[in-house]
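Peer 1: Structure below; questions to follow.
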Amino acid sequence: MSKTVITFGTFDVLHIGHLRILERSKALGDRLVVGVSSDALNQSKKARDAVFDQEQRMQLVGALKVVDDVFLEESLELKGHYITEHQADILVMGDDWAGKFDHFGELCSVVYLPRTPSVSTTAIIERIAAP
Ligand code: C2G
């Protein structure tokens with residue numbers, strides 16, 4: 001019985017922290033589907049616009065060997081719908097979200113994985129921007 005894992009993110013300026021959580025997510029099942037935040041959703045939840053637009057972010061995530069399918073995440077409130085639509089057995093998120101999605105425990109297993117320390121899109125942008 002194949003097991004589907006689902007996870008969500010902006011995945012802007014794709015970096016090793018993103019890759020590591022996607023690899024660890026895939027290792028929990030047989031199929032990994034990833035909801036990539038739309039530009040509109042990103043604007044509503046983050047202080048700054050994504051550097052790469054939603055099409056590029058979906059293409060970059062979709063090209064990774066461990067990712068079997070990508071879709072656009074239009075709203076944080078639609079997580080239950082996405083979990084059902086993709087028949088996910090496991091929801092994985094970084095532990096910066098710990099506890100926030102426990103209520104989806106009725107639909108699927110919920111797993112929070114440790115974030116990769118000392119790497120973030122914001123830090124990368126600041127490093128590039130610094131003179
Ligand atoms: N992540 C990580 N280590 C880092 C940075 C990010 O493990 N150093 C993980 C986050 O915990 C998240 C995923 O990579 O699970 C994507 O991170 P972001 O692109 O920052 O996504 P986020 O803002 O958490 O949006 O529906 C939820 C949102 O779409 C998630």
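Identifiers in this document derive from the order of the structure tokens: chains are assigned A, B, ..., residues are numbered from 1 separately in each chain, and ligands are numbered from 1 in order of occurrence.
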Any chance you could tabulate, as JSON lines, the residues of chain A at most 6 Å from ligand 1 with each one's nearest atom pair and distance in Å to one decimal, using only C-alpha atoms and all ligand atoms, in chain and rising number order?
Peer 2:
{"residue": "A:Phe8", "atom": "CA", "partner": "ligand 1", "partner_atom_place_in_ligand_line": "29 (O)", "distance": 4.5}
{"residue": "A:Gly9", "atom": "CA", "partner": "ligand 1", "partner_atom_place_in_ligand_line": "21 (O)", "distance": 3.4}
{"residue": "A:Thr10", "atom": "CA", "partner": "ligand 1", "partner_atom_place_in_ligand_line": "19 (O)", "distance": 3.6}
{"residue": "A:Phe11", "atom": "CA", "partner": "ligand 1", "partner_atom_place_in_ligand_line": "19 (O)", "distance": 3.7}
{"residue": "A:Asp12", "atom": "CA", "partner": "ligand 1", "partner_atom_place_in_ligand_line": "19 (O)", "distance": 5.8}
{"residue": "A:Gly17", "atom": "CA", "partner": "ligand 1", "partner_atom_place_in_ligand_line": "3 (N)", "distance": 3.9}
{"residue": "A:His18", "atom": "CA", "partner": "ligand 1", "partner_atom_place_in_ligand_line": "14 (O)", "distance": 4.4}
{"residue": "A:Ile21", "atom": "CA", "partner": "ligand 1", "partner_atom_place_in_ligand_line": "7 (O)", "distance": 5.0}
{"residue": "A:Ser37", "atom": "CA", "partner": "ligand 1", "partner_atom_place_in_ligand_line": "29 (O)", "distance": 5.2}
{"residue": "A:Leu76", "atom": "CA", "partner": "ligand 1", "partner_atom_place_in_ligand_line": "26 (O)", "distance": 5.1}
{"residue": "A:Met93", "atom": "CA", "partner": "ligand 1", "partner_atom_place_in_ligand_line": "15 (O)", "distance": 4.1}
{"residue": "A:Gly94", "atom": "CA", "partner": "ligand 1", "partner_atom_place_in_ligand_line": "11 (O)", "distance": 3.1}
{"residue": "A:Asp95", "atom": "CA", "partner": "ligand 1", "partner_atom_place_in_ligand_line": "11 (O)", "distance": 5.9}
{"residue": "A:Asp96", "atom": "CA", "partner": "ligand 1", "partner_atom_place_in_ligand_line": "11 (O)", "distance": 5.6}
{"residue": "A:Arg115", "atom": "CA", "partner": "ligand 1", "partner_atom_place_in_ligand_line": "7 (O)", "distance": 3.4}
{"residue": "A:Thr116", "atom": "CA", "partner": "ligand 1", "partner_atom_place_in_ligand_line": "3 (N)", "distance": 4.0}
{"residue": "A:Pro117", "atom": "CA", "partner": "ligand 1", "partner_atom_place_in_ligand_line": "8 (N)", "distance": 5.4}
{"residue": "A:Val119", "atom": "CA", "partner": "ligand 1", "partner_atom_place_in_ligand_line": "8 (N)", "distance": 4.5}
{"residue": "A:Ser120", "atom": "CA", "partner": "ligand 1", "partner_atom_place_in_ligand_line": "8 (N)", "distance": 4.9}
Peer 1: With all heavy atoms kept, could you save the residues just selected as a tab-separated table (two decimals), in the first residue's frame?
Peer 2:
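This went into selection18.tsv:
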chain	number	residue	atom	x	y	z
A	8	PHE	N	4.39	21.50	2.57
A	8	PHE	CA	4.08	22.80	1.98
A	8	PHE	C	5.23	23.77	2.23
A	8	PHE	O	5.95	23.66	3.22
A	8	PHE	CB	2.81	23.39	2.61
A	8	PHE	CG	1.56	22.58	2.38
A	8	PHE	CD1	1.24	21.52	3.23
A	8	PHE	CD2	0.71	22.85	1.32
A	8	PHE	CE1	0.09	20.76	3.02
A	8	PHE	CE2	-0.44	22.10	1.12
A	8	PHE	CZ	-0.75	21.06	1.96
A	9	GLY	N	5.36	24.74	1.35
A	9	GLY	CA	6.36	25.78	1.60
A	9	GLY	C	6.43	26.80	0.49
A	9	GLY	O	5.85	26.62	-0.57
A	10	THR	N	7.16	27.86	0.75
A	10	THR	CA	7.39	28.88	-0.28
A	10	THR	C	8.55	28.41	-1.18
A	10	THR	O	8.53	28.57	-2.39
A	10	THR	CB	7.76	30.22	0.39
A	10	THR	OG1	6.71	30.56	1.30
A	10	THR	CG2	7.94	31.32	-0.62
A	11	PHE	N	9.56	27.84	-0.55
A	11	PHE	CA	10.75	27.32	-1.26
A	11	PHE	C	11.37	28.39	-2.16
A	11	PHE	O	11.72	28.13	-3.31
A	11	PHE	CB	10.38	26.06	-2.05
A	11	PHE	CG	9.91	24.94	-1.17
A	11	PHE	CD1	8.56	24.61	-1.09
A	11	PHE	CD2	10.81	24.22	-0.37
A	11	PHE	CE1	8.11	23.58	-0.26
A	11	PHE	CE2	10.37	23.19	0.45
A	11	PHE	CZ	9.02	22.87	0.51
A	12	ASP	N	11.47	29.62	-1.62
A	12	ASP	CA	12.10	30.70	-2.38
A	12	ASP	C	13.62	30.59	-2.25
A	12	ASP	O	14.14	30.26	-1.18
A	12	ASP	CB	11.63	32.06	-1.84
A	12	ASP	CG	11.99	33.22	-2.76
A	12	ASP	OD1	12.19	32.97	-3.96
A	12	ASP	OD2	12.10	34.36	-2.25
A	17	GLY	N	18.43	23.63	3.22
A	17	GLY	CA	17.41	23.38	4.25
A	17	GLY	C	16.12	22.88	3.63
A	17	GLY	O	15.47	21.95	4.14
A	18	HIS	N	15.80	23.45	2.48
A	18	HIS	CA	14.60	22.99	1.75
A	18	HIS	C	14.81	21.56	1.24
A	18	HIS	O	13.95	20.68	1.42
A	18	HIS	CB	14.32	23.91	0.55
A	18	HIS	CG	13.98	25.31	0.90
A	18	HIS	ND1	14.49	26.40	0.21
A	18	HIS	CD2	13.21	25.82	1.88
A	18	HIS	CE1	14.01	27.50	0.73
A	18	HIS	NE2	13.23	27.20	1.76
A	21	ILE	N	14.59	18.86	4.05
A	21	ILE	CA	13.28	18.49	4.58
A	21	ILE	C	12.49	17.70	3.53
A	21	ILE	O	11.73	16.78	3.87
A	21	ILE	CB	12.46	19.69	5.09
A	21	ILE	CG1	11.30	19.17	5.95
A	21	ILE	CG2	11.97	20.61	3.97
A	21	ILE	CD1	10.74	20.11	6.95
A	37	SER	N	3.71	27.62	-2.16
A	37	SER	CA	2.88	28.81	-1.91
A	37	SER	C	2.81	29.69	-3.15
A	37	SER	O	3.85	30.00	-3.75
A	37	SER	CB	3.47	29.65	-0.78
A	37	SER	OG	3.64	28.90	0.38
A	76	LEU	N	-3.47	29.04	3.26
A	76	LEU	CA	-3.10	28.18	4.40
A	76	LEU	C	-4.32	27.44	4.91
A	76	LEU	O	-4.21	26.36	5.46
A	76	LEU	CB	-2.49	29.04	5.53
A	76	LEU	CG	-1.21	29.80	5.22
A	76	LEU	CD1	-0.72	30.55	6.46
A	76	LEU	CD2	-0.12	28.87	4.72
A	93	MET	N	5.98	18.97	8.25
A	93	MET	CA	6.36	20.38	8.23
A	93	MET	C	7.59	20.55	9.11
A	93	MET	O	7.85	19.72	9.99
A	93	MET	CB	5.23	21.27	8.78
A	93	MET	CG	4.00	21.36	7.90
A	93	MET	SD	4.32	21.92	6.22
A	93	MET	CE	4.86	23.61	6.53
A	94	GLY	N	8.33	21.59	8.87
A	94	GLY	CA	9.47	21.91	9.73
A	94	GLY	C	8.96	22.26	11.12
A	94	GLY	O	7.83	22.72	11.28
A	95	ASP	N	9.82	22.06	12.13
A	95	ASP	CA	9.33	22.24	13.51
A	95	ASP	C	9.13	23.69	13.89
A	95	ASP	O	8.71	23.99	15.01
A	95	ASP	CB	10.25	21.51	14.52
A	95	ASP	CG	11.69	22.03	14.51
A	95	ASP	OD1	11.98	23.02	13.80
A	95	ASP	OD2	12.51	21.43	15.20
A	96	ASP	N	9.38	24.63	12.97
A	96	ASP	CA	8.96	26.00	13.24
A	96	ASP	C	7.43	26.07	13.23
A	96	ASP	O	6.85	27.01	13.74
A	96	ASP	CB	9.56	27.00	12.24
A	96	ASP	CG	9.50	26.51	10.79
A	96	ASP	OD1	9.71	25.30	10.54
A	96	ASP	OD2	9.24	27.32	9.89
A	115	ARG	N	14.28	21.83	11.72
A	115	ARG	CA	14.79	22.66	10.63
A	115	ARG	C	16.30	22.49	10.54
A	115	ARG	O	16.95	22.14	11.52
A	115	ARG	CB	14.50	24.15	10.94
A	115	ARG	CG	13.11	24.60	10.66
A	115	ARG	CD	12.91	26.01	11.23
A	115	ARG	NE	13.70	27.00	10.48
A	115	ARG	CZ	13.22	27.70	9.45
A	115	ARG	NH1	12.00	27.49	9.04
A	115	ARG	NH2	13.97	28.59	8.82
A	116	THR	N	16.84	22.75	9.35
A	116	THR	CA	18.29	22.73	9.19
A	116	THR	C	18.83	24.04	9.76
A	116	THR	O	18.39	25.12	9.33
A	116	THR	CB	18.66	22.62	7.70
A	116	THR	OG1	18.09	21.41	7.20
A	116	THR	CG2	20.15	22.65	7.48
A	117	PRO	N	19.73	23.96	10.73
A	117	PRO	CA	20.20	25.20	11.36
A	117	PRO	C	21.03	26.09	10.41
A	117	PRO	O	21.57	25.61	9.42
A	117	PRO	CB	21.07	24.72	12.52
A	117	PRO	CG	21.31	23.29	12.30
A	117	PRO	CD	20.34	22.77	11.30
A	119	VAL	N	20.64	28.19	8.07
A	119	VAL	CA	20.43	28.54	6.66
A	119	VAL	C	18.99	29.02	6.49
A	119	VAL	O	18.05	28.43	7.06
A	119	VAL	CB	20.74	27.35	5.71
A	119	VAL	CG1	19.83	26.17	5.95
A	119	VAL	CG2	20.66	27.79	4.26
A	120	SER	N	18.85	30.14	5.79
A	120	SER	CA	17.50	30.65	5.52
A	120	SER	C	17.57	31.53	4.27
A	120	SER	O	18.64	32.09	3.95
A	120	SER	CB	16.99	31.50	6.68
A	120	SER	OG	17.68	32.75	6.70
Peer 1: Tell me, as a list in words, which residues lie within 8 Å of range 54-71 of chain A, counting only C-alpha atoms; anything in the same chain fewer than 3 positions away does not count.
Peer 2: Thr10, Phe11, Asp12, Leu14, Leu22, Glu23, Lys26, Arg31, Leu32, Val33, Val34, Gly35, Val36, Ser37, Ser38 and Asp39 of chain A
Peer 1: Would you compute the distance between CA of Glu126 in chain A and CA of Ala50 in chain A? Give it in Å to one decimal.
Peer 2: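 Spanning CA of Glu126 in chain A to CA of Ala50 in chain A is a straight-line distance of 13.8 Å.
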Peer 1: Pick the closest to Thr121 in chain A from A:Val5, A:Ala40, A:Val51, A:Leu28: which is it, counting only C-alpha atoms?
Peer 2: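 Distance minimum relative to Thr121 in chain A lands on A:Val51.
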Peer 1: Ranking A:Ile128, A:Ile83, A:Ile90, A:Leu72 by minimum distance to Tyr112 in chain A and counting only C-alpha atoms, which one comes first?
Peer 2: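 So, comparing all the options, the nearest one is A:Ile90.
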Peer 1: Just the helix (DSSP H, G or I) stuff from range 28-74 of chain A, please, per backbone DSSP, written as a ChimeraX atom specification.
Peer 2: /A:39-45,54-62
Peer 1: Output as an MDAnalysis selection string all residues of chain A that backbone DSSP marks as strand (DSSP E or B).
Peer 2: chainID A and resid 4:9 31:37 69:73 90:94 109:113
Peer 1: Include C-alpha atoms and write out the residues we just selected as a PDB file, in the first residue's frame.
Peer 2:
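To be explicit, this is the file written out as out_38.pdb:
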ATOM      1  CA  THR A   4       1.768   9.556   0.196  1.00  0.00           C
ATOM      2  CA  VAL A   5       3.591  12.311   2.062  1.00  0.00           C
ATOM      3  CA  ILE A   6       2.556  15.956   1.679  1.00  0.00           C
ATOM      4  CA  THR A   7       4.400  19.100   2.673  1.00  0.00           C
ATOM      5  CA  PHE A   8       4.083  22.805   1.978  1.00  0.00           C
ATOM      6  CA  GLY A   9       6.361  25.778   1.604  1.00  0.00           C
ATOM      7  CA  ARG A  31       5.353   9.393  -2.902  1.00  0.00           C
ATOM      8  CA  LEU A  32       5.963  13.050  -2.027  1.00  0.00           C
ATOM      9  CA  VAL A  33       3.632  15.840  -3.144  1.00  0.00           C
ATOM     10  CA  VAL A  34       4.579  19.432  -2.407  1.00  0.00           C
ATOM     11  CA  GLY A  35       2.284  22.459  -2.142  1.00  0.00           C
ATOM     12  CA  VAL A  36       4.272  25.521  -3.244  1.00  0.00           C
ATOM     13  CA  SER A  37       2.881  28.811  -1.915  1.00  0.00           C
ATOM     14  CA  ASP A  69       4.314  16.104  -7.756  1.00  0.00           C
ATOM     15  CA  VAL A  70       3.916  19.792  -7.043  1.00  0.00           C
ATOM     16  CA  PHE A  71       0.818  21.957  -6.817  1.00  0.00           C
ATOM     17  CA  LEU A  72       0.071  25.575  -6.012  1.00  0.00           C
ATOM     18  CA  GLU A  73      -0.852  26.259  -2.391  1.00  0.00           C
ATOM     19  CA  ILE A  90       1.435  11.942   6.269  1.00  0.00           C
ATOM     20  CA  LEU A  91       1.739  15.728   6.596  1.00  0.00           C
ATOM     21  CA  VAL A  92       5.308  16.863   7.230  1.00  0.00           C
ATOM     22  CA  MET A  93       6.359  20.378   8.231  1.00  0.00           C
ATOM     23  CA  GLY A  94       9.466  21.911   9.731  1.00  0.00           C
ATOM     24  CA  SER A 109      -0.295  11.533  10.479  1.00  0.00           C
ATOM     25  CA  VAL A 110       1.353  14.866  11.297  1.00  0.00           C
ATOM     26  CA  VAL A 111       5.158  14.974  11.579  1.00  0.00           C
ATOM     27  CA  TYR A 112       7.330  17.988  12.449  1.00  0.00           C
ATOM     28  CA  LEU A 113      10.977  17.657  11.456  1.00  0.00           C
TER      29      LEU A 113
END
Peer 1: So which one's closest to Val13 in chain A, A:Thr84, A:Glu74, A:Ser25, A:Asp49? Using only C-alpha atoms, please.
Peer 2: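 When distances to Val13 in chain A are compared using only C-alpha atoms, the smallest one comes from A:Asp49.
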Peer 1: Take CA of Glu106 in chain A and CA of Glu77 in chain A and report the distance between them in Å, one decimal.
Peer 2: 15.8 Å
Peer 1: CA of Leu107 in chain A and CA of Asp89 in chain A, how far apart in Å?
Peer 2: 7.7 Å
